[in-house]
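K.L.:
Pasting a structure here, questions to come.
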Amino acid sequence: MARKTMPTCLVTGCAGNVGSQLTQRLLEAGYAVVGVDNFFSGAPENMRDFNDHPAFEFHERSITDKASMAGLLAENAPLVATFHLAAIISVPYSMDHAAETMEINYDASLSLHTLARAFRCGAFVFAGSAAEYGKPLSRPATEEDAGDPLSPYGLSKHLMSTAIQKSGYGCSLRFFNIYGPTRAKPGPYDGVVRQFLARAEQGLSPVIHGDGSQMRDFLFLGDAVRALLTAAGILPGGPLTGVFNVGTGRGSSIRDLADLSLRLAHVPKKPEFSPVRQGDIHFSVAENSKLLRHAGWIPSTPLEQGLALTLEGMRRLAGKTDH
Ligand SMILES: NC(=O)c1ccc[n+]([C@@H]2O[C@H](COP(=O)([O-])OP(=O)(O)OC[C@H]3O[C@@H](n4cnc5c(N)ncnc54)[C@H](O)[C@@H]3O)[C@@H](O)[C@H]2O)c1
């Protein structure tokens, strides 16, 4: 079928860890995908499996180029769904580049949301973040707990989630810590899981910021992609409106993650410790029942299994296994 006549989705951030897996799944499901990325933190290698797919059309550009984003929406209207994942994703980077973070994660995002609505896009799914929960909590966070984020990253995501909620169009999925195998080599913007595993693979100790007692909710990439597809109504359960936590509901300490990474990589060492990072949240675990109630989504990959799959993916990439 010619791409123009196929049901089409827009994926911003398609060269990123999540966006590339989502794009792959959409293409496999028979959708055409218009992808946008400027390779700020994403990598062309992430698109290797689908770059030449006849139903994939890539545009290397920034989402801040509002005129050209409007052109894409207009040319492809009516889209089945817009998945808006492009963002400045690093909390430390956002601390030093607050204005740039706001421009991309909020201003450009809001403009895209307005365009999607104007061009009758069926679903709008935004990647919100656990960083929207700033105030100290010692129990799993419900959607209503968000507010007072500790970083420009968290603030930009929270403003956007709130705007979506108020508009009554589209949804924000507040992802907790996503991890999983990707095509790109671990980089400076990678999450803690890939950083710890990458260090352990080199026979080095993972470096923990603080004492390692921080609790995180680690969500496997495949489960995150399933949540995105569900939220758009591509899998049964959606399309959704409003704000939804996406996490496992189970907390693991950073210290436990470091120990598990060392054990899985068979490295007989202990983690190293470094100073606490500004903007770090101490306890970040999702109360995830809303997404179950509204859409039937539940996570299905336990941490140890997900870490083993991530490590296997990293080894394959490094040519250390042959399958
Ligand atoms: N990975 C996580 O743990 C996590 C947790 C919560 C929320 N999120 C959100 O999920 C989304 C995807 O995260 P990810 O882990 O895949 O990150 P990623 O860095 O791998 O992907 C983000 C992509 O956006 C692109 N991008 C950045 N600025 C852009 C711009 N101005 N124009 C076009 N493209 C731009 C990057 O190049 C990258 O490919 C992000 O919005 C992130 O904030 C991720």
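Identifiers in the structure tokens: chain A, B, ... in order shown; residue index from 1 per chain; ligand index from 1 in order shown.
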Within 7 Å of ligand 1 (counting only C-alpha atoms and all ligand atoms), which residues show up? I'd like them as a ChimeraX atom specification.
P.N.:
/A:12-19,36-43,61-64,85-89,104,127-130,174-179,189,191
K.L.:
Identify, on the basis of only C-alpha atoms, every residue whose closest approach to A:Gln21 does not exceed 10 Å; exclude the query and any residue fewer than 5 positions from it along the same chain; express the result as a PyMOL selection string.
P.N.:
chain A and resi 14-16+26+46-47+49-50+181-183+221-222+224-225
K.L.:
From the list A:Leu228, A:Val267, A:Ile234, A:Val243, which residue is nearest A:Met160 when using only C-alpha atoms?
P.N.:
A:Val243
K.L.:
Could you give me, as a CSV table (one decimal) with N, CA and C atoms, in the first residue's frame, the residues within 12 Å of A:Arg277, counting only C-alpha atoms and dropping anything in the same chain fewer than 6 positions from it?
P.N.:
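Result file follows (around.csv):
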chain,number,residue,atom,x,y,z
A,91,VAL,N,18.0,15.7,33.6
A,91,VAL,CA,17.8,16.6,34.7
A,91,VAL,C,19.0,17.5,34.9
A,92,PRO,N,20.2,17.0,35.0
A,92,PRO,CA,21.4,17.8,35.1
A,92,PRO,C,21.5,18.9,34.0
A,93,TYR,N,21.3,18.4,32.7
A,93,TYR,CA,21.4,19.4,31.6
A,93,TYR,C,20.3,20.5,31.8
A,95,MET,N,19.2,21.7,34.4
A,95,MET,CA,19.6,22.7,35.5
A,95,MET,C,20.4,23.8,34.9
A,150,LEU,N,11.5,19.6,41.1
A,150,LEU,CA,12.8,20.1,41.6
A,150,LEU,C,13.7,20.6,40.5
A,151,SER,N,13.3,20.4,39.2
A,151,SER,CA,14.2,20.8,38.1
A,151,SER,C,13.5,21.4,37.0
A,208,ILE,N,27.4,5.5,42.3
A,208,ILE,CA,26.2,5.9,42.9
A,208,ILE,C,26.3,7.3,43.4
A,209,HIS,N,25.3,8.2,43.0
A,209,HIS,CA,25.2,9.6,43.5
A,209,HIS,C,24.5,9.5,44.9
A,210,GLY,N,25.1,9.9,46.0
A,210,GLY,CA,24.5,9.8,47.3
A,210,GLY,C,24.8,8.4,47.9
A,211,ASP,N,23.9,8.0,48.8
A,211,ASP,CA,24.2,6.7,49.5
A,211,ASP,C,23.5,5.5,48.9
A,212,GLY,N,22.7,5.7,47.9
A,212,GLY,CA,22.1,4.6,47.2
A,212,GLY,C,20.8,4.2,47.7
A,214,GLN,N,18.1,5.9,47.5
A,214,GLN,CA,17.0,6.5,46.7
A,214,GLN,C,16.3,5.3,46.1
K.L.:
Rounded to one decimal, what separation in Å do you get between atom CA of A:Arg250 and atom CA of A:Lys166?
P.N.:
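For atom CA of A:Arg250 relative to atom CA of A:Lys166, the distance reads 29.3 Å.
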K.L.:
Pick out the residues sitting within 12 Å of stretch 29-31 of chain A, and hand them over as a PyMOL selection string; count only C-alpha atoms, and ignore anything fewer than 6 positions along from it in its own chain.
P.N.:
chain A and resi 1-11+22-23+53-57+79-81+229+234-235
K.L.:
Restricting it to N, CA, C and O atoms, dump the selection as a short mmCIF file (atom, residue, chain, number, x, y, z; two decimals), in the first residue's frame.
P.N.:
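Result file follows (out-v7.cif):
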data_model
loop_
_atom_site.label_atom_id
_atom_site.label_comp_id
_atom_site.auth_asym_id
_atom_site.auth_seq_id
_atom_site.Cartn_x
_atom_site.Cartn_y
_atom_site.Cartn_z
N MET A 1 0.85 -1.19 0.00
CA MET A 1 0.00 0.00 0.00
C MET A 1 0.90 1.25 0.00
O MET A 1 1.90 1.28 0.70
N ALA A 2 0.53 2.26 -0.80
CA ALA A 2 1.34 3.49 -0.81
C ALA A 2 1.26 4.15 0.56
O ALA A 2 0.19 4.16 1.18
N ARG A 3 2.41 4.71 1.02
CA ARG A 3 2.45 5.27 2.36
C ARG A 3 1.33 6.29 2.61
O ARG A 3 0.71 6.31 3.66
N LYS A 4 1.07 7.12 1.59
CA LYS A 4 0.10 8.21 1.78
C LYS A 4 -1.32 7.71 2.07
O LYS A 4 -2.13 8.43 2.62
N THR A 5 -1.63 6.47 1.65
CA THR A 5 -2.99 5.97 1.87
C THR A 5 -3.07 5.11 3.14
O THR A 5 -4.14 4.61 3.48
N MET A 6 -1.95 4.93 3.82
CA MET A 6 -1.96 4.08 5.02
C MET A 6 -2.32 4.90 6.25
O MET A 6 -2.07 6.11 6.27
N PRO A 7 -2.92 4.26 7.27
CA PRO A 7 -3.12 4.98 8.53
C PRO A 7 -1.75 5.40 9.08
O PRO A 7 -0.82 4.57 9.10
N THR A 8 -1.63 6.67 9.46
CA THR A 8 -0.29 7.22 9.75
C THR A 8 -0.21 7.82 11.15
O THR A 8 -1.15 8.45 11.62
N CYS A 9 0.94 7.62 11.78
CA CYS A 9 1.21 8.21 13.10
C CYS A 9 2.44 9.10 13.00
O CYS A 9 3.36 8.82 12.22
N LEU A 10 2.46 10.14 13.80
CA LEU A 10 3.65 10.99 13.93
C LEU A 10 4.37 10.60 15.22
O LEU A 10 3.72 10.48 16.27
N VAL A 11 5.68 10.39 15.13
CA VAL A 11 6.47 10.09 16.33
C VAL A 11 7.59 11.12 16.42
O VAL A 11 8.50 11.13 15.57
N LEU A 22 9.06 2.29 19.67
CA LEU A 22 7.65 2.55 19.34
C LEU A 22 7.45 2.56 17.82
O LEU A 22 6.51 1.94 17.29
N THR A 23 8.36 3.23 17.12
CA THR A 23 8.26 3.31 15.66
C THR A 23 8.30 1.92 15.04
O THR A 23 7.49 1.57 14.17
N HIS A 53 12.48 1.38 5.73
CA HIS A 53 11.13 0.81 5.59
C HIS A 53 10.30 1.74 4.70
O HIS A 53 10.30 2.97 4.91
N PRO A 54 9.58 1.17 3.72
CA PRO A 54 8.82 2.04 2.80
C PRO A 54 7.74 2.86 3.48
O PRO A 54 7.32 3.89 2.94
N ALA A 55 7.29 2.43 4.65
CA ALA A 55 6.22 3.17 5.33
C ALA A 55 6.78 4.16 6.36
O ALA A 55 6.02 4.74 7.14
N PHE A 56 8.11 4.35 6.35
CA PHE A 56 8.72 5.28 7.31
C PHE A 56 9.28 6.49 6.58
O PHE A 56 9.98 6.34 5.57
N GLU A 57 8.96 7.66 7.09
CA GLU A 57 9.45 8.91 6.47
C GLU A 57 10.11 9.73 7.58
O GLU A 57 9.45 10.07 8.57
N LEU A 79 -4.04 12.41 11.06
CA LEU A 79 -3.19 11.36 11.62
C LEU A 79 -4.00 10.50 12.59
O LEU A 79 -4.94 11.00 13.23
N VAL A 80 -3.60 9.23 12.70
CA VAL A 80 -4.23 8.36 13.71
C VAL A 80 -3.81 8.84 15.10
O VAL A 80 -4.62 8.93 16.02
N ALA A 81 -2.52 9.14 15.25
CA ALA A 81 -2.02 9.54 16.57
C ALA A 81 -0.72 10.32 16.43
O ALA A 81 0.07 10.07 15.50
N LEU A 229 1.05 2.58 23.07
CA LEU A 229 0.12 2.07 22.05
C LEU A 229 -1.30 1.97 22.61
O LEU A 229 -2.29 2.24 21.92
N ILE A 234 -4.34 2.22 19.86
CA ILE A 234 -3.84 1.29 18.83
C ILE A 234 -3.89 -0.13 19.40
O ILE A 234 -4.18 -1.09 18.69
N LEU A 235 -3.64 -0.26 20.69
CA LEU A 235 -3.97 -1.49 21.41
C LEU A 235 -5.27 -1.21 22.18
O LEU A 235 -5.55 -0.04 22.49
#
K.L.:
What's around A:Phe218 at 10 Å? Count only C-alpha atoms, leave out sequence neighbours fewer than 4 positions away in its own chain, and write the answer as a ChimeraX atom specification.
P.N.:
/A:175-180,192-193,247-253,257,284-286,301-303,306-307
K.L.:
Work out how far atom CA of A:Thr114 is from atom CA of A:Val34, in Å to one decimal.
P.N.:
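For atom CA of A:Val34 relative to atom CA of A:Thr114, the distance reads 18.1 Å.
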K.L.:
Please compute the atom CA of A:Arg117-atom CA of A:Thr82 distance, one decimal, in Å.
P.N.:
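We find that atom CA of A:Arg117 and atom CA of A:Thr82 lie 9.9 Å from each other.
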K.L.:
Residues near A:Leu264, anyone? I mean within 12 Å using only C-alpha atoms, not counting same-chain ones fewer than 6 positions away, as a VMD selection string.
P.N.:
chain A and resid 196 to 198 200 to 201 203 257 to 258 303 to 312
K.L.:
Pick the closest to A:Glu45 from A:His158, A:Lys135, A:Arg199, A:Lys185: which is it, counting only C-alpha atoms?
P.N.:
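So, comparing all the options, the nearest one is A:Lys185.
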